[in-house]
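Heads up, final-v6.csv below (CSV, C-alpha atoms):
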```csv
chain,number,residue,atom,x,y,z
P,259,MET,CA,-16.5,2.9,-73.1
P,260,ARG,CA,-14.7,5.6,-71.3
P,261,LYS,CA,-17.5,5.8,-68.8
P,262,PHE,CA,-17.3,2.1,-68.1
P,263,SER,CA,-13.5,2.3,-67.6
P,264,THR,CA,-13.9,5.2,-65.1
P,265,LEU,CA,-16.7,3.4,-63.3
P,266,SER,CA,-14.7,0.2,-63.2
P,267,LYS,CA,-11.7,2.0,-61.8
P,268,SER,CA,-13.9,3.7,-59.2
P,269,LEU,CA,-15.5,0.4,-58.1
P,270,ILE,CA,-12.1,-1.2,-57.9
P,271,VAL,CA,-10.8,1.6,-55.7
P,272,LEU,CA,-13.8,1.5,-53.5
P,273,PHE,CA,-13.6,-2.3,-53.2
P,274,MET,CA,-9.8,-2.1,-52.3
P,275,ALA,CA,-10.6,0.7,-49.7
P,276,GLY,CA,-13.2,-1.5,-48.1
P,277,ILE,CA,-10.9,-4.4,-47.9
P,278,LEU,CA,-8.2,-2.1,-46.4
P,279,ILE,CA,-10.6,-0.7,-43.8
P,280,VAL,CA,-11.9,-4.1,-42.7
P,281,SER,CA,-8.3,-5.4,-42.6
P,282,CYS,CA,-7.1,-2.5,-40.5
P,283,LYS,CA,-10.1,-2.8,-38.1
P,284,GLN,CA,-9.3,-6.5,-37.6
P,285,GLN,CA,-5.6,-5.7,-36.9
P,286,ALA,CA,-6.6,-2.9,-34.5
P,287,GLU,CA,-8.9,-5.3,-32.6
P,288,GLU,CA,-6.2,-7.9,-32.4
P,289,SER,CA,-3.7,-5.4,-31.3
P,290,VAL,CA,-6.0,-4.1,-28.5
P,291,ALA,CA,-6.6,-7.7,-27.4
P,292,VAL,CA,-2.9,-8.4,-27.3
P,293,MET,CA,-2.2,-5.2,-25.4
P,294,GLU,CA,-4.9,-5.9,-22.8
P,295,GLU,CA,-3.6,-9.5,-22.3
P,296,THR,CA,0.0,-8.1,-21.9
P,297,ALA,CA,-1.2,-5.4,-19.5
P,298,GLU,CA,-3.1,-8.0,-17.4
P,299,LYS,CA,0.0,-10.2,-17.2
P,300,SER,CA,2.4,-7.4,-16.4
P,301,ARG,CA,0.4,-5.5,-13.8
P,302,ALA,CA,2.6,-4.4,-10.9
P,303,TYR,CA,-0.2,-5.2,-8.4
P,304,ASP,CA,-3.7,-6.4,-7.9
P,305,ILE,CA,-6.3,-6.2,-5.2
P,306,SER,CA,-5.7,-9.1,-2.7
P,307,SER,CA,-8.2,-11.9,-2.7
P,308,ASN,CA,-7.6,-12.0,1.1
P,309,GLU,CA,-8.4,-8.3,1.4
P,310,GLU,CA,-11.1,-8.4,4.1
P,311,ALA,CA,-9.3,-11.0,6.3
P,312,TYR,CA,-5.9,-9.3,6.1
P,313,ILE,CA,-7.2,-5.8,6.7
P,314,GLU,CA,-9.1,-7.1,9.7
P,315,MET,CA,-6.0,-8.9,11.0
P,316,ALA,CA,-3.8,-5.7,10.6
P,317,VAL,CA,-6.4,-3.5,12.3
P,318,ASN,CA,-6.8,-6.1,15.2
P,319,TYR,CA,-3.0,-6.2,15.5
P,320,ILE,CA,-2.9,-2.4,15.8
P,321,ASN,CA,-5.7,-2.4,18.4
P,322,ALA,CA,-3.9,-5.1,20.4
P,323,ILE,CA,-0.8,-2.9,20.5
P,324,MET,CA,-2.9,0.2,21.5
P,325,ALA,CA,-4.3,-1.9,24.4
P,326,ASN,CA,-0.8,-3.3,25.3
P,327,ASP,CA,-2.2,-6.8,24.8
P,328,THR,CA,1.0,-8.4,23.7
P,329,ALA,CA,-0.4,-12.0,23.9
P,330,LEU,CA,-3.1,-11.0,21.4
P,331,ALA,CA,-0.7,-9.1,19.2
P,332,ARG,CA,1.5,-12.2,19.0
P,333,THR,CA,-1.4,-14.2,17.5
P,334,PHE,CA,-1.4,-12.1,14.3
P,335,VAL,CA,2.3,-12.3,13.5
P,336,SER,CA,4.9,-15.0,12.6
P,337,ASP,CA,7.8,-15.9,14.7
P,338,SER,CA,10.1,-14.2,12.2
P,339,TYR,CA,8.3,-10.9,12.4
P,340,TRP,CA,10.3,-7.7,12.0
P,341,ASP,CA,9.2,-4.1,12.5
P,342,PHE,CA,10.8,-1.2,10.7
P,343,GLY,CA,10.5,2.6,11.0
P,344,PRO,CA,10.2,5.4,11.0
P,345,GLY,CA,13.9,5.6,10.1
P,346,ALA,CA,15.6,3.3,7.7
P,347,LYS,CA,17.8,1.9,10.5
P,348,ASP,CA,14.9,1.5,13.1
P,349,SER,CA,14.3,-2.2,12.9
P,350,VAL,CA,13.5,-4.7,15.7
P,351,ALA,CA,12.3,-8.3,16.1
P,352,LEU,CA,8.9,-9.0,17.7
P,353,ASP,CA,10.0,-9.3,21.3
P,354,ASP,CA,11.9,-6.0,21.2
P,355,PHE,CA,9.1,-4.2,19.4
P,356,LEU,CA,6.5,-5.3,21.9
P,357,ALA,CA,8.8,-4.3,24.8
P,358,GLY,CA,9.2,-0.9,23.2
P,359,VAL,CA,5.4,-0.6,22.9
P,360,ILE,CA,4.9,-1.4,26.6
P,361,ALA,CA,7.7,1.0,27.7
P,362,ARG,CA,6.4,3.9,25.5
P,363,SER,CA,2.8,3.3,26.6
P,364,ALA,CA,3.5,3.1,30.3
P,365,ASN,CA,2.8,6.8,30.8
P,366,ARG,CA,0.3,7.3,28.1
P,367,THR,CA,-3.5,7.3,28.4
P,368,ASP,CA,-6.3,7.5,25.9
P,369,GLN,CA,-4.3,6.0,23.1
P,370,ASP,CA,-6.1,5.7,19.8
P,371,ALA,CA,-4.6,4.6,16.5
P,372,GLY,CA,-7.2,6.7,14.7
P,373,VAL,CA,-7.3,4.2,11.7
P,374,PHE,CA,-9.2,5.9,8.9
P,375,ILE,CA,-8.3,4.1,5.7
P,376,ASN,CA,-6.8,0.8,4.5
P,377,ASN,CA,-6.3,-1.4,1.5
P,378,ALA,CA,-4.9,-4.8,0.6
P,379,LEU,CA,-2.8,-5.5,-2.5
P,380,VAL,CA,-0.8,-8.2,-4.0
P,381,VAL,CA,2.5,-7.1,-5.5
P,382,ASN,CA,3.1,-9.4,-8.5
P,383,GLU,CA,6.8,-9.3,-9.0
P,384,GLY,CA,10.1,-7.9,-7.8
P,385,PRO,CA,11.6,-7.7,-4.3
P,386,LEU,CA,8.3,-6.6,-2.8
P,387,ALA,CA,6.3,-9.4,-4.3
P,388,GLY,CA,3.6,-10.7,-1.9
P,389,GLU,CA,0.5,-9.7,0.0
P,390,TRP,CA,0.4,-6.3,1.6
P,391,VAL,CA,-2.0,-4.2,3.7
P,392,SER,CA,-1.6,-0.4,4.0
P,393,VAL,CA,-3.2,1.4,6.9
P,394,TRP,CA,-3.4,5.2,7.5
P,395,GLY,CA,-4.3,6.7,10.8
P,396,ASN,CA,-3.9,9.6,13.2
P,397,TYR,CA,-2.4,8.5,16.5
P,398,SER,CA,-3.6,10.4,19.6
P,399,ALA,CA,-2.7,9.9,23.3
P,400,LYS,CA,-2.1,11.9,26.4
P,401,GLU,CA,1.2,11.8,28.4
P,402,GLY,CA,1.1,14.1,31.3
P,403,ASP,CA,0.1,17.5,30.0
P,404,TYR,CA,1.1,16.7,26.5
P,405,THR,CA,-1.4,15.4,23.9
P,406,TYR,CA,0.0,13.5,20.9
P,407,ASP,CA,-1.6,14.1,17.5
P,408,VAL,CA,0.6,12.3,14.9
P,409,PRO,CA,-0.5,11.2,11.4
P,410,TRP,CA,1.0,7.8,10.4
P,411,HIS,CA,1.1,5.2,7.7
P,412,ARG,CA,2.0,1.5,8.2
P,413,VAL,CA,2.3,-1.3,5.8
P,414,PHE,CA,2.1,-5.0,6.7
P,415,ARG,CA,3.4,-7.9,4.6
P,416,PHE,CA,1.6,-11.2,5.0
P,417,GLU,CA,2.8,-14.8,4.4
P,418,GLU,CA,0.7,-17.9,5.0
P,419,GLY,CA,-1.9,-15.9,6.9
P,420,LYS,CA,0.4,-14.1,9.3
P,421,ILE,CA,2.1,-10.7,9.4
P,422,VAL,CA,5.8,-11.2,8.8
P,423,LEU,CA,6.9,-7.5,8.4
P,424,SER,CA,5.6,-4.1,9.2
P,425,ARG,CA,7.0,-0.7,8.4
P,426,VAL,CA,5.7,2.6,9.8
P,427,TRP,CA,6.2,6.2,8.8
P,428,TYR,CA,5.4,9.2,11.0
P,429,ASP,CA,6.8,12.5,11.9
P,430,ARG,CA,8.9,12.4,15.1
P,431,LEU,CA,10.1,16.0,14.9
P,432,ASP,CA,6.8,17.7,15.8
P,433,PRO,CA,6.1,15.9,19.0
P,434,SER,CA,9.8,16.2,20.0
P,435,MET,CA,9.7,19.9,19.5
P,436,ASP,CA,6.4,20.2,21.3
P,437,MET,CA,7.9,18.4,24.3
P,438,GLY,CA,11.1,20.4,24.3
P,439,ALA,CA,13.3,17.5,23.4
P,440,VAL,CA,14.5,19.3,20.2
P,441,GLN,CA,15.5,23.0,20.4
P,442,VAL,CA,15.1,25.3,17.5
P,443,VAL,CA,18.0,27.7,17.1
P,444,GLU,CA,17.0,31.1,16.0
P,445,GLN,CA,19.0,32.6,13.2
P,446,GLU,CA,20.5,36.0,13.7
```

Encoded form using structure tokens:
Amino acid sequence: MRKFSTLSKSLIVLFMAGILIVSCKQQAEESVAVMEETAEKSRAYDISSNEEAYIEMAVNYINAIMANDTALARTFVSDSYWDFGPGAKDSVALDDFLAGVIARSANRTDQDAGVFINNALVVNEGPLAGEWVSVWGNYSAKEGDYTYDVPWHRVFRFEEGKIVLSRVWYDRLDPSMDMGAVQVVEQE
């Protein structure tokens, strides 16, 4: 009788352990499914479904600027376009931006944006929500005896198939120092 009692208890314990394991596995699978669904809903960004078209438009806009083709450049942007950078207070509307491009390019030859990588994302929420393209390059040009070689990064925001905003980052100090516009004071 004692053997039966011990055997019964062991079977009951094994049965309960099996139920517990199956139950935990189901809960774990359900938790993973909920976490995946939540993560999918709350992603900060996704790859843009307009990736190829918007990247092509951004690169064509850059090439139009390099060629000083303002008429072509205008076809890629909205009337409300603003350009920012490299400083936080450096912002201009389209007409002023294009006038600046023409003025800066007047004495430059062999301009090349040197685009080497780009991507297109959709920011899903917050103040930056929308379609964006990021482009990296290495600008080169000649101006007199000076040769520019400046790495840069530019982002473009798209709305309704047009560029509405662009922001560029690049180092202005190195070319300024090379050209003598900024003097370095030696410390004693």

Selected residue, from P:Thr367, P:Ala322, P:Arg301, P:Tyr339, that lies nearest to P:Asp354 when counting all atoms listed in the file |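 Of the candidates, the smallest distance to P:Asp354 is held by P:Tyr339.
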
Distance in Å - atom CA of P:Asp348 versus atom CA of P:Phe334 = 21.3 Å

Find the residues near stretch 406-423 of chain P: any atom within 10 Å, counting only C-alpha atoms, skip ones fewer than 4 places away on the same chain, and give them as a ChimeraX atom specification.
-> /P:308,311-313,315-316,319-320,332-344,351-352,366,369-373,375-380,386-401,427-430,432-433,436-437

Coordinates-based distance that separates atom CA of P:Leu356 from atom CA of P:Ile323 (Å, one decimal) =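 Atom CA of P:Leu356 lies 7.8 Å from atom CA of P:Ile323.
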
Would you mind reading off the distance between atom CA of P:Ala357 and atom CA of P:Val440, one decimal, in Å?
-> 24.7 Å

Using only C-alpha atoms, which of P:Ile305, P:Val442, P:Met435, P:Ala331 sits nearest P:Tyr404?
-> P:Met435

Residue rebuild result stretch 349-360 of chain P, all heavy atoms as an mmCIF file, in the coordinates of the input:
```
data_model
loop_
_atom_site.group_PDB
_atom_site.id
_atom_site.type_symbol
_atom_site.label_atom_id
_atom_site.label_comp_id
_atom_site.auth_asym_id
_atom_site.auth_seq_id
_atom_site.Cartn_x
_atom_site.Cartn_y
_atom_site.Cartn_z
ATOM 1 N N SER P 349 14.881 -0.878 13.167
ATOM 2 C CA SER P 349 14.300 -2.200 12.900
ATOM 3 C C SER P 349 14.483 -3.058 14.165
ATOM 4 O O SER P 349 15.547 -3.022 14.786
ATOM 5 C CB SER P 349 14.817 -2.858 11.696
ATOM 6 O OG SER P 349 16.185 -3.127 11.849
ATOM 7 N N VAL P 350 13.441 -3.815 14.505
ATOM 8 C CA VAL P 350 13.500 -4.700 15.700
ATOM 9 C C VAL P 350 12.693 -5.951 15.412
ATOM 10 O O VAL P 350 11.737 -5.941 14.642
ATOM 11 C CB VAL P 350 13.008 -4.008 16.955
ATOM 12 C CG1 VAL P 350 13.918 -2.878 17.379
ATOM 13 C CG2 VAL P 350 11.587 -3.510 16.791
ATOM 14 N N ALA P 351 13.060 -7.018 16.108
ATOM 15 C CA ALA P 351 12.300 -8.300 16.100
ATOM 16 C C ALA P 351 11.063 -8.089 16.991
ATOM 17 O O ALA P 351 10.942 -7.103 17.725
ATOM 18 C CB ALA P 351 13.140 -9.430 16.509
ATOM 19 N N LEU P 352 10.180 -9.050 16.968
ATOM 20 C CA LEU P 352 8.900 -9.000 17.700
ATOM 21 C C LEU P 352 9.060 -8.681 19.172
ATOM 22 O O LEU P 352 8.418 -7.768 19.700
ATOM 23 C CB LEU P 352 8.089 -10.240 17.468
ATOM 24 C CG LEU P 352 6.728 -10.273 18.164
ATOM 25 C CD1 LEU P 352 5.833 -9.150 17.651
ATOM 26 C CD2 LEU P 352 6.074 -11.623 17.980
ATOM 27 N N ASP P 353 9.879 -9.443 19.875
ATOM 28 C CA ASP P 353 10.000 -9.300 21.300
ATOM 29 C C ASP P 353 10.478 -7.839 21.665
ATOM 30 O O ASP P 353 9.939 -7.210 22.591
ATOM 31 C CB ASP P 353 10.973 -10.281 21.922
ATOM 32 C CG ASP P 353 10.390 -11.691 21.916
ATOM 33 O OD1 ASP P 353 9.142 -11.824 21.860
ATOM 34 O OD2 ASP P 353 11.178 -12.656 21.955
ATOM 35 N N ASP P 354 11.449 -7.334 20.925
ATOM 36 C CA ASP P 354 11.900 -6.000 21.200
ATOM 37 C C ASP P 354 10.895 -4.927 20.811
ATOM 38 O O ASP P 354 10.749 -3.918 21.498
ATOM 39 C CB ASP P 354 13.237 -5.721 20.405
ATOM 40 C CG ASP P 354 14.391 -6.576 20.922
ATOM 41 O OD1 ASP P 354 14.389 -6.913 22.117
ATOM 42 O OD2 ASP P 354 15.277 -6.903 20.112
ATOM 43 N N PHE P 355 10.157 -5.171 19.748
ATOM 44 C CA PHE P 355 9.100 -4.200 19.400
ATOM 45 C C PHE P 355 8.044 -4.149 20.445
ATOM 46 O O PHE P 355 7.657 -3.052 20.866
ATOM 47 C CB PHE P 355 8.476 -4.654 18.026
ATOM 48 C CG PHE P 355 7.290 -3.824 17.659
ATOM 49 C CD1 PHE P 355 7.443 -2.502 17.249
ATOM 50 C CD2 PHE P 355 6.006 -4.345 17.731
ATOM 51 C CE1 PHE P 355 6.344 -1.714 16.923
ATOM 52 C CE2 PHE P 355 4.905 -3.570 17.400
ATOM 53 C CZ PHE P 355 5.073 -2.256 16.999
ATOM 54 N N LEU P 356 7.569 -5.297 20.918
ATOM 55 C CA LEU P 356 6.500 -5.300 21.900
ATOM 56 C C LEU P 356 7.020 -4.702 23.256
ATOM 57 O O LEU P 356 6.276 -3.991 23.943
ATOM 58 C CB LEU P 356 5.972 -6.704 22.142
ATOM 59 C CG LEU P 356 5.204 -7.279 20.939
ATOM 60 C CD1 LEU P 356 4.788 -8.717 21.197
ATOM 61 C CD2 LEU P 356 4.007 -6.417 20.579
ATOM 62 N N ALA P 357 8.272 -4.949 23.607
ATOM 63 C CA ALA P 357 8.800 -4.300 24.800
ATOM 64 C C ALA P 357 8.861 -2.822 24.683
ATOM 65 O O ALA P 357 8.553 -2.092 25.641
ATOM 66 C CB ALA P 357 10.245 -4.883 25.080
ATOM 67 N N GLY P 358 9.197 -2.325 23.489
ATOM 68 C CA GLY P 358 9.200 -0.900 23.200
ATOM 69 C C GLY P 358 7.809 -0.289 23.318
ATOM 70 O O GLY P 358 7.611 0.804 23.857
ATOM 71 N N VAL P 359 6.825 -1.018 22.814
ATOM 72 C CA VAL P 359 5.400 -0.600 22.900
ATOM 73 C C VAL P 359 4.997 -0.415 24.325
ATOM 74 O O VAL P 359 4.414 0.604 24.718
ATOM 75 C CB VAL P 359 4.486 -1.542 22.118
ATOM 76 C CG1 VAL P 359 3.030 -1.290 22.466
ATOM 77 C CG2 VAL P 359 4.704 -1.442 20.625
ATOM 78 N N ILE P 360 5.296 -1.411 25.140
ATOM 79 C CA ILE P 360 4.900 -1.400 26.600
ATOM 80 C C ILE P 360 5.623 -0.229 27.271
ATOM 81 O O ILE P 360 5.006 0.519 28.036
ATOM 82 C CB ILE P 360 5.213 -2.732 27.230
ATOM 83 C CG1 ILE P 360 4.246 -3.781 26.668
ATOM 84 C CG2 ILE P 360 5.078 -2.619 28.736
ATOM 85 C CD1 ILE P 360 4.586 -5.194 27.065
#
```
